Amino acid sequence: MSGANRRIMAEITRLQALGTSNDPSSVKYILDKSPLDDAQSNLILGRILPKSNPYNQAAFQVEVKLPAEYPFKAPEVRFITPIYHPNVDDKGKICVDLLNQSETYKPTTPLTDVIKAIANLIDSPNIEHALNAEIAAEYTQNKSAFDRKALDMMASKHIRLLKDLARIDETFQSNRLFYIKKKIDATTNDAIHDTDLTHPILIYKPEQSPYVGGEFEFEISLPLDYPSTTPRVKFRTPIYSPIVDESGALSCLPILQRWQTYPINSIQFRDILTEIDYYITHLEDVDEPHRPALLDEWKTDPVAFTKAAEQHTKELAKPQKR
């Protein structure tokens, strides 16, 4: 392992410790994903749980991107979860003095300090260096209006997501074709804190050959401006299907390709799931596969395709432990 990799692993360990600290004065941070999960990735995703009102009513996912020159070049940071804040722009960019390469950042600066600086900035906005002058003016001159808009931004996305996820349980309750891996209790105040709503993990249990008996885990990644922008679907469990590429990505569904043309409130997660099941089990209707060779195999030698898919399912898609 190279020195840079050892440094990154050590930083990740320190970040994980932030989520287990019992010190009420310490910054609360929950690590969601890191290069430990994907050695090819240079992204660290985690949620900051602010202490100040009104932000203490939600968790905010932050992406830390490590450049190839890290730690000699400062990481890039942006908010994934929308936040109404003077120091965060509409694309999630945040201005933190600690990441200023020419003044404050040093190669020895730990990532925990970066997270702490961001958390502190959320709780105590720096009005003099605001990225949005209008929001900054509102914060100082009309705090009640500012708080209301901040709450509205948090609630609008999270409530939409909670409703979409709840409808998955309602739609597939009878056959459990799809279910959410981590049950979300939307009745508690801690629901958003305890659950990563931006990357819900689901389980797919196909009812048709050649996938019967397998359980396939996949995630839906939600962009910053969901539902205006198309979500991304990626299988974590390998599946022998022409519509899912070798990395697990699935973007050839008609509903995903035409997402931008739909009215924002007319489609839901369950519609995506219904199409996933349909096109995985109805290959005759697949026009743009991710893996054309598999579709050709299904057309020219369906027996061989079925046998390979069944073996693949048996070996790699074992039932989840619950």
# chains A, B, ... in the order shown; residues from 1 in each chain; ligands from 1
>>> residues_around(residues="A:Val62", least_positions_apart="3", cutoff="9 Å", atoms="only C-alpha atoms", output="NGL selection string")
:A and (44-48 or 77-81 or 92 or 115)
>>> closest_atom_pairs(of="stretch 104-180 of chain A", to="stretch 267-291 of chain A", cutoff="10 Å", atoms="only C-alpha atoms", output="Markdown table")
| residue | atom | partner | partner_atom | distance |
| --- | --- | --- | --- | --- |
| A:Arg160 | CA | A:Gln268 | CA | 9.4 |
| A:Leu161 | CA | A:Phe269 | CA | 8.8 |
| A:Lys163 | CA | A:Gln268 | CA | 9.2 |
| A:Asp164 | CA | A:Phe269 | CA | 5.9 |
| A:Leu165 | CA | A:Phe269 | CA | 7.0 |
| A:Ala166 | CA | A:Arg270 | CA | 9.6 |
| A:Arg167 | CA | A:Arg270 | CA | 7.0 |
| A:Ile168 | CA | A:Arg270 | CA | 5.4 |
| A:Asp169 | CA | A:Arg270 | CA | 9.1 |
| A:Glu170 | CA | A:Arg270 | CA | 9.5 |
| A:Thr171 | CA | A:Arg270 | CA | 7.3 |
| A:Phe172 | CA | A:Arg270 | CA | 8.7 |
| A:Leu177 | CA | A:Asp277 | CA | 8.7 |
| A:Phe178 | CA | A:Leu273 | CA | 7.5 |
>>> residues_around(residues="A:Asn132", least_positions_apart="5", cutoff="9 Å", atoms="only C-alpha atoms", output="MDAnalysis selection string")
chainID A and resid 85:90 137
>>> write_last_selection(atoms="all heavy atoms", output="PDB file, in the first residue's frame")
ATOM      1  N   HIS A  85     -28.548  28.239   2.828  1.00  0.00           N
ATOM      2  CA  HIS A  85     -27.504  28.739   3.712  1.00  0.00           C
ATOM      3  C   HIS A  85     -26.693  29.824   2.995  1.00  0.00           C
ATOM      4  O   HIS A  85     -26.419  29.709   1.792  1.00  0.00           O
ATOM      5  CB  HIS A  85     -26.584  27.584   4.121  1.00  0.00           C
ATOM      6  CG  HIS A  85     -25.669  27.878   5.252  1.00  0.00           C
ATOM      7  ND1 HIS A  85     -24.530  28.635   5.114  1.00  0.00           N
ATOM      8  CD2 HIS A  85     -25.726  27.513   6.569  1.00  0.00           C
ATOM      9  CE1 HIS A  85     -23.922  28.720   6.295  1.00  0.00           C
ATOM     10  NE2 HIS A  85     -24.624  28.052   7.187  1.00  0.00           N
ATOM     11  N   PRO A  86     -26.276  30.885   3.693  1.00  0.00           N
ATOM     12  CA  PRO A  86     -25.523  31.968   3.057  1.00  0.00           C
ATOM     13  C   PRO A  86     -24.205  31.534   2.440  1.00  0.00           C
ATOM     14  O   PRO A  86     -23.726  32.155   1.483  1.00  0.00           O
ATOM     15  CB  PRO A  86     -25.280  32.963   4.201  1.00  0.00           C
ATOM     16  CG  PRO A  86     -26.330  32.655   5.209  1.00  0.00           C
ATOM     17  CD  PRO A  86     -26.583  31.185   5.097  1.00  0.00           C
ATOM     18  N   ASN A  87     -23.599  30.455   2.977  1.00  0.00           N
ATOM     19  CA  ASN A  87     -22.266  30.047   2.524  1.00  0.00           C
ATOM     20  C   ASN A  87     -22.272  28.831   1.602  1.00  0.00           C
ATOM     21  O   ASN A  87     -21.234  28.226   1.353  1.00  0.00           O
ATOM     22  CB  ASN A  87     -21.372  29.759   3.729  1.00  0.00           C
ATOM     23  CG  ASN A  87     -21.196  30.976   4.615  1.00  0.00           C
ATOM     24  OD1 ASN A  87     -21.709  31.025   5.731  1.00  0.00           O
ATOM     25  ND2 ASN A  87     -20.501  31.997   4.124  1.00  0.00           N
ATOM     26  N   VAL A  88     -23.457  28.476   1.099  1.00  0.00           N
ATOM     27  CA  VAL A  88     -23.584  27.350   0.165  1.00  0.00           C
ATOM     28  C   VAL A  88     -24.386  27.819  -1.037  1.00  0.00           C
ATOM     29  O   VAL A  88     -25.473  28.377  -0.881  1.00  0.00           O
ATOM     30  CB  VAL A  88     -24.287  26.145   0.825  1.00  0.00           C
ATOM     31  CG1 VAL A  88     -24.304  24.954  -0.132  1.00  0.00           C
ATOM     32  CG2 VAL A  88     -23.601  25.759   2.129  1.00  0.00           C
ATOM     33  N   ASP A  89     -23.852  27.596  -2.256  1.00  0.00           N
ATOM     34  CA  ASP A  89     -24.586  28.049  -3.440  1.00  0.00           C
ATOM     35  C   ASP A  89     -25.588  26.989  -3.894  1.00  0.00           C
ATOM     36  O   ASP A  89     -25.700  25.915  -3.288  1.00  0.00           O
ATOM     37  CB  ASP A  89     -23.639  28.470  -4.556  1.00  0.00           C
ATOM     38  CG  ASP A  89     -22.858  27.315  -5.179  1.00  0.00           C
ATOM     39  OD1 ASP A  89     -23.233  26.141  -4.968  1.00  0.00           O
ATOM     40  OD2 ASP A  89     -21.861  27.585  -5.885  1.00  0.00           O
ATOM     41  N   ASP A  90     -26.305  27.281  -4.982  1.00  0.00           N
ATOM     42  CA  ASP A  90     -27.386  26.389  -5.409  1.00  0.00           C
ATOM     43  C   ASP A  90     -26.889  25.084  -6.013  1.00  0.00           C
ATOM     44  O   ASP A  90     -27.680  24.179  -6.287  1.00  0.00           O
ATOM     45  CB  ASP A  90     -28.318  27.108  -6.395  1.00  0.00           C
ATOM     46  CG  ASP A  90     -27.592  27.649  -7.617  1.00  0.00           C
ATOM     47  OD1 ASP A  90     -26.367  27.426  -7.724  1.00  0.00           O
ATOM     48  OD2 ASP A  90     -28.243  28.273  -8.462  1.00  0.00           O
ATOM     49  N   ALA A 137     -28.318  38.610   3.521  1.00  0.00           N
ATOM     50  CA  ALA A 137     -29.077  39.775   3.983  1.00  0.00           C
ATOM     51  C   ALA A 137     -30.340  39.336   4.719  1.00  0.00           C
ATOM     52  O   ALA A 137     -30.709  39.912   5.756  1.00  0.00           O
ATOM     53  CB  ALA A 137     -29.430  40.656   2.792  1.00  0.00           C
TER      54      ALA A 137
END
>>> residues_around(residues="stretch 232-238 of chain A", least_positions_apart="5", cutoff="7 Å", atoms="only C-alpha atoms", output="list in words")
Phe216, Glu217, Phe218, Glu219, Ile220, Ser221, Leu222, Gly248, Ala249, Leu250, Ser251, Leu316 and Ala317 of chain A
>>> write_last_selection(atoms="N, CA, C and O atoms", output="PDB file, in the first residue's frame")
ATOM      1  N   PHE A 216     -31.280  -9.508  -5.204  1.00  0.00           N
ATOM      2  CA  PHE A 216     -30.346  -8.560  -5.803  1.00  0.00           C
ATOM      3  C   PHE A 216     -30.447  -7.209  -5.097  1.00  0.00           C
ATOM      4  O   PHE A 216     -31.516  -6.601  -5.056  1.00  0.00           O
ATOM      5  N   GLU A 217     -29.323  -6.764  -4.573  1.00  0.00           N
ATOM      6  CA  GLU A 217     -29.284  -5.480  -3.879  1.00  0.00           C
ATOM      7  C   GLU A 217     -28.870  -4.386  -4.864  1.00  0.00           C
ATOM      8  O   GLU A 217     -27.955  -4.565  -5.653  1.00  0.00           O
ATOM      9  N   PHE A 218     -29.568  -3.256  -4.809  1.00  0.00           N
ATOM     10  CA  PHE A 218     -29.187  -2.126  -5.644  1.00  0.00           C
ATOM     11  C   PHE A 218     -29.497  -0.827  -4.915  1.00  0.00           C
ATOM     12  O   PHE A 218     -30.227  -0.792  -3.927  1.00  0.00           O
ATOM     13  N   GLU A 219     -28.898   0.263  -5.391  1.00  0.00           N
ATOM     14  CA  GLU A 219     -29.101   1.557  -4.770  1.00  0.00           C
ATOM     15  C   GLU A 219     -29.600   2.563  -5.803  1.00  0.00           C
ATOM     16  O   GLU A 219     -29.336   2.438  -6.997  1.00  0.00           O
ATOM     17  N   ILE A 220     -30.356   3.534  -5.317  1.00  0.00           N
ATOM     18  CA  ILE A 220     -30.803   4.641  -6.150  1.00  0.00           C
ATOM     19  C   ILE A 220     -30.111   5.897  -5.633  1.00  0.00           C
ATOM     20  O   ILE A 220     -30.298   6.286  -4.475  1.00  0.00           O
ATOM     21  N   SER A 221     -29.290   6.514  -6.462  1.00  0.00           N
ATOM     22  CA  SER A 221     -28.577   7.729  -6.074  1.00  0.00           C
ATOM     23  C   SER A 221     -29.358   8.942  -6.566  1.00  0.00           C
ATOM     24  O   SER A 221     -29.676   9.039  -7.751  1.00  0.00           O
ATOM     25  N   LEU A 222     -29.655   9.839  -5.643  1.00  0.00           N
ATOM     26  CA  LEU A 222     -30.486  10.988  -5.970  1.00  0.00           C
ATOM     27  C   LEU A 222     -29.634  12.236  -6.154  1.00  0.00           C
ATOM     28  O   LEU A 222     -28.845  12.583  -5.277  1.00  0.00           O
ATOM     29  N   GLY A 248     -22.692  -2.674 -12.820  1.00  0.00           N
ATOM     30  CA  GLY A 248     -23.963  -2.614 -12.096  1.00  0.00           C
ATOM     31  C   GLY A 248     -24.847  -1.456 -12.501  1.00  0.00           C
ATOM     32  O   GLY A 248     -25.989  -1.358 -12.044  1.00  0.00           O
ATOM     33  N   ALA A 249     -24.347  -0.564 -13.351  1.00  0.00           N
ATOM     34  CA  ALA A 249     -25.126   0.611 -13.743  1.00  0.00           C
ATOM     35  C   ALA A 249     -26.307   0.211 -14.620  1.00  0.00           C
ATOM     36  O   ALA A 249     -26.223  -0.706 -15.430  1.00  0.00           O
ATOM     37  N   LEU A 250     -27.410   0.919 -14.419  1.00  0.00           N
ATOM     38  CA  LEU A 250     -28.611   0.681 -15.207  1.00  0.00           C
ATOM     39  C   LEU A 250     -29.192   2.038 -15.586  1.00  0.00           C
ATOM     40  O   LEU A 250     -29.727   2.747 -14.731  1.00  0.00           O
ATOM     41  N   SER A 251     -29.066   2.397 -16.850  1.00  0.00           N
ATOM     42  CA  SER A 251     -29.582   3.694 -17.279  1.00  0.00           C
ATOM     43  C   SER A 251     -30.398   3.606 -18.554  1.00  0.00           C
ATOM     44  O   SER A 251     -30.846   4.628 -19.070  1.00  0.00           O
ATOM     45  N   LEU A 316     -24.090 -15.866  -6.932  1.00  0.00           N
ATOM     46  CA  LEU A 316     -23.815 -14.483  -6.529  1.00  0.00           C
ATOM     47  C   LEU A 316     -24.992 -13.756  -5.884  1.00  0.00           C
ATOM     48  O   LEU A 316     -24.795 -12.719  -5.257  1.00  0.00           O
ATOM     49  N   ALA A 317     -26.194 -14.258  -6.067  1.00  0.00           N
ATOM     50  CA  ALA A 317     -27.384 -13.550  -5.561  1.00  0.00           C
ATOM     51  C   ALA A 317     -28.050 -14.330  -4.440  1.00  0.00           C
ATOM     52  O   ALA A 317     -29.250 -14.567  -4.447  1.00  0.00           O
TER      53      ALA A 317
END
>>> closest_residue(among="A:Ala145, A:Leu162, A:Ile203, A:Ala155", to="A:Tyr179", atoms="only C-alpha atoms")
A:Ile203
>>> atom_distance(atom1="atom CA of A:Glu207", atom2="atom CA of A:Ala308")
17.3 Å
>>> atom_distance(atom1="atom CA of A:Leu15", atom2="atom CA of A:Ile30")
8.0 Å
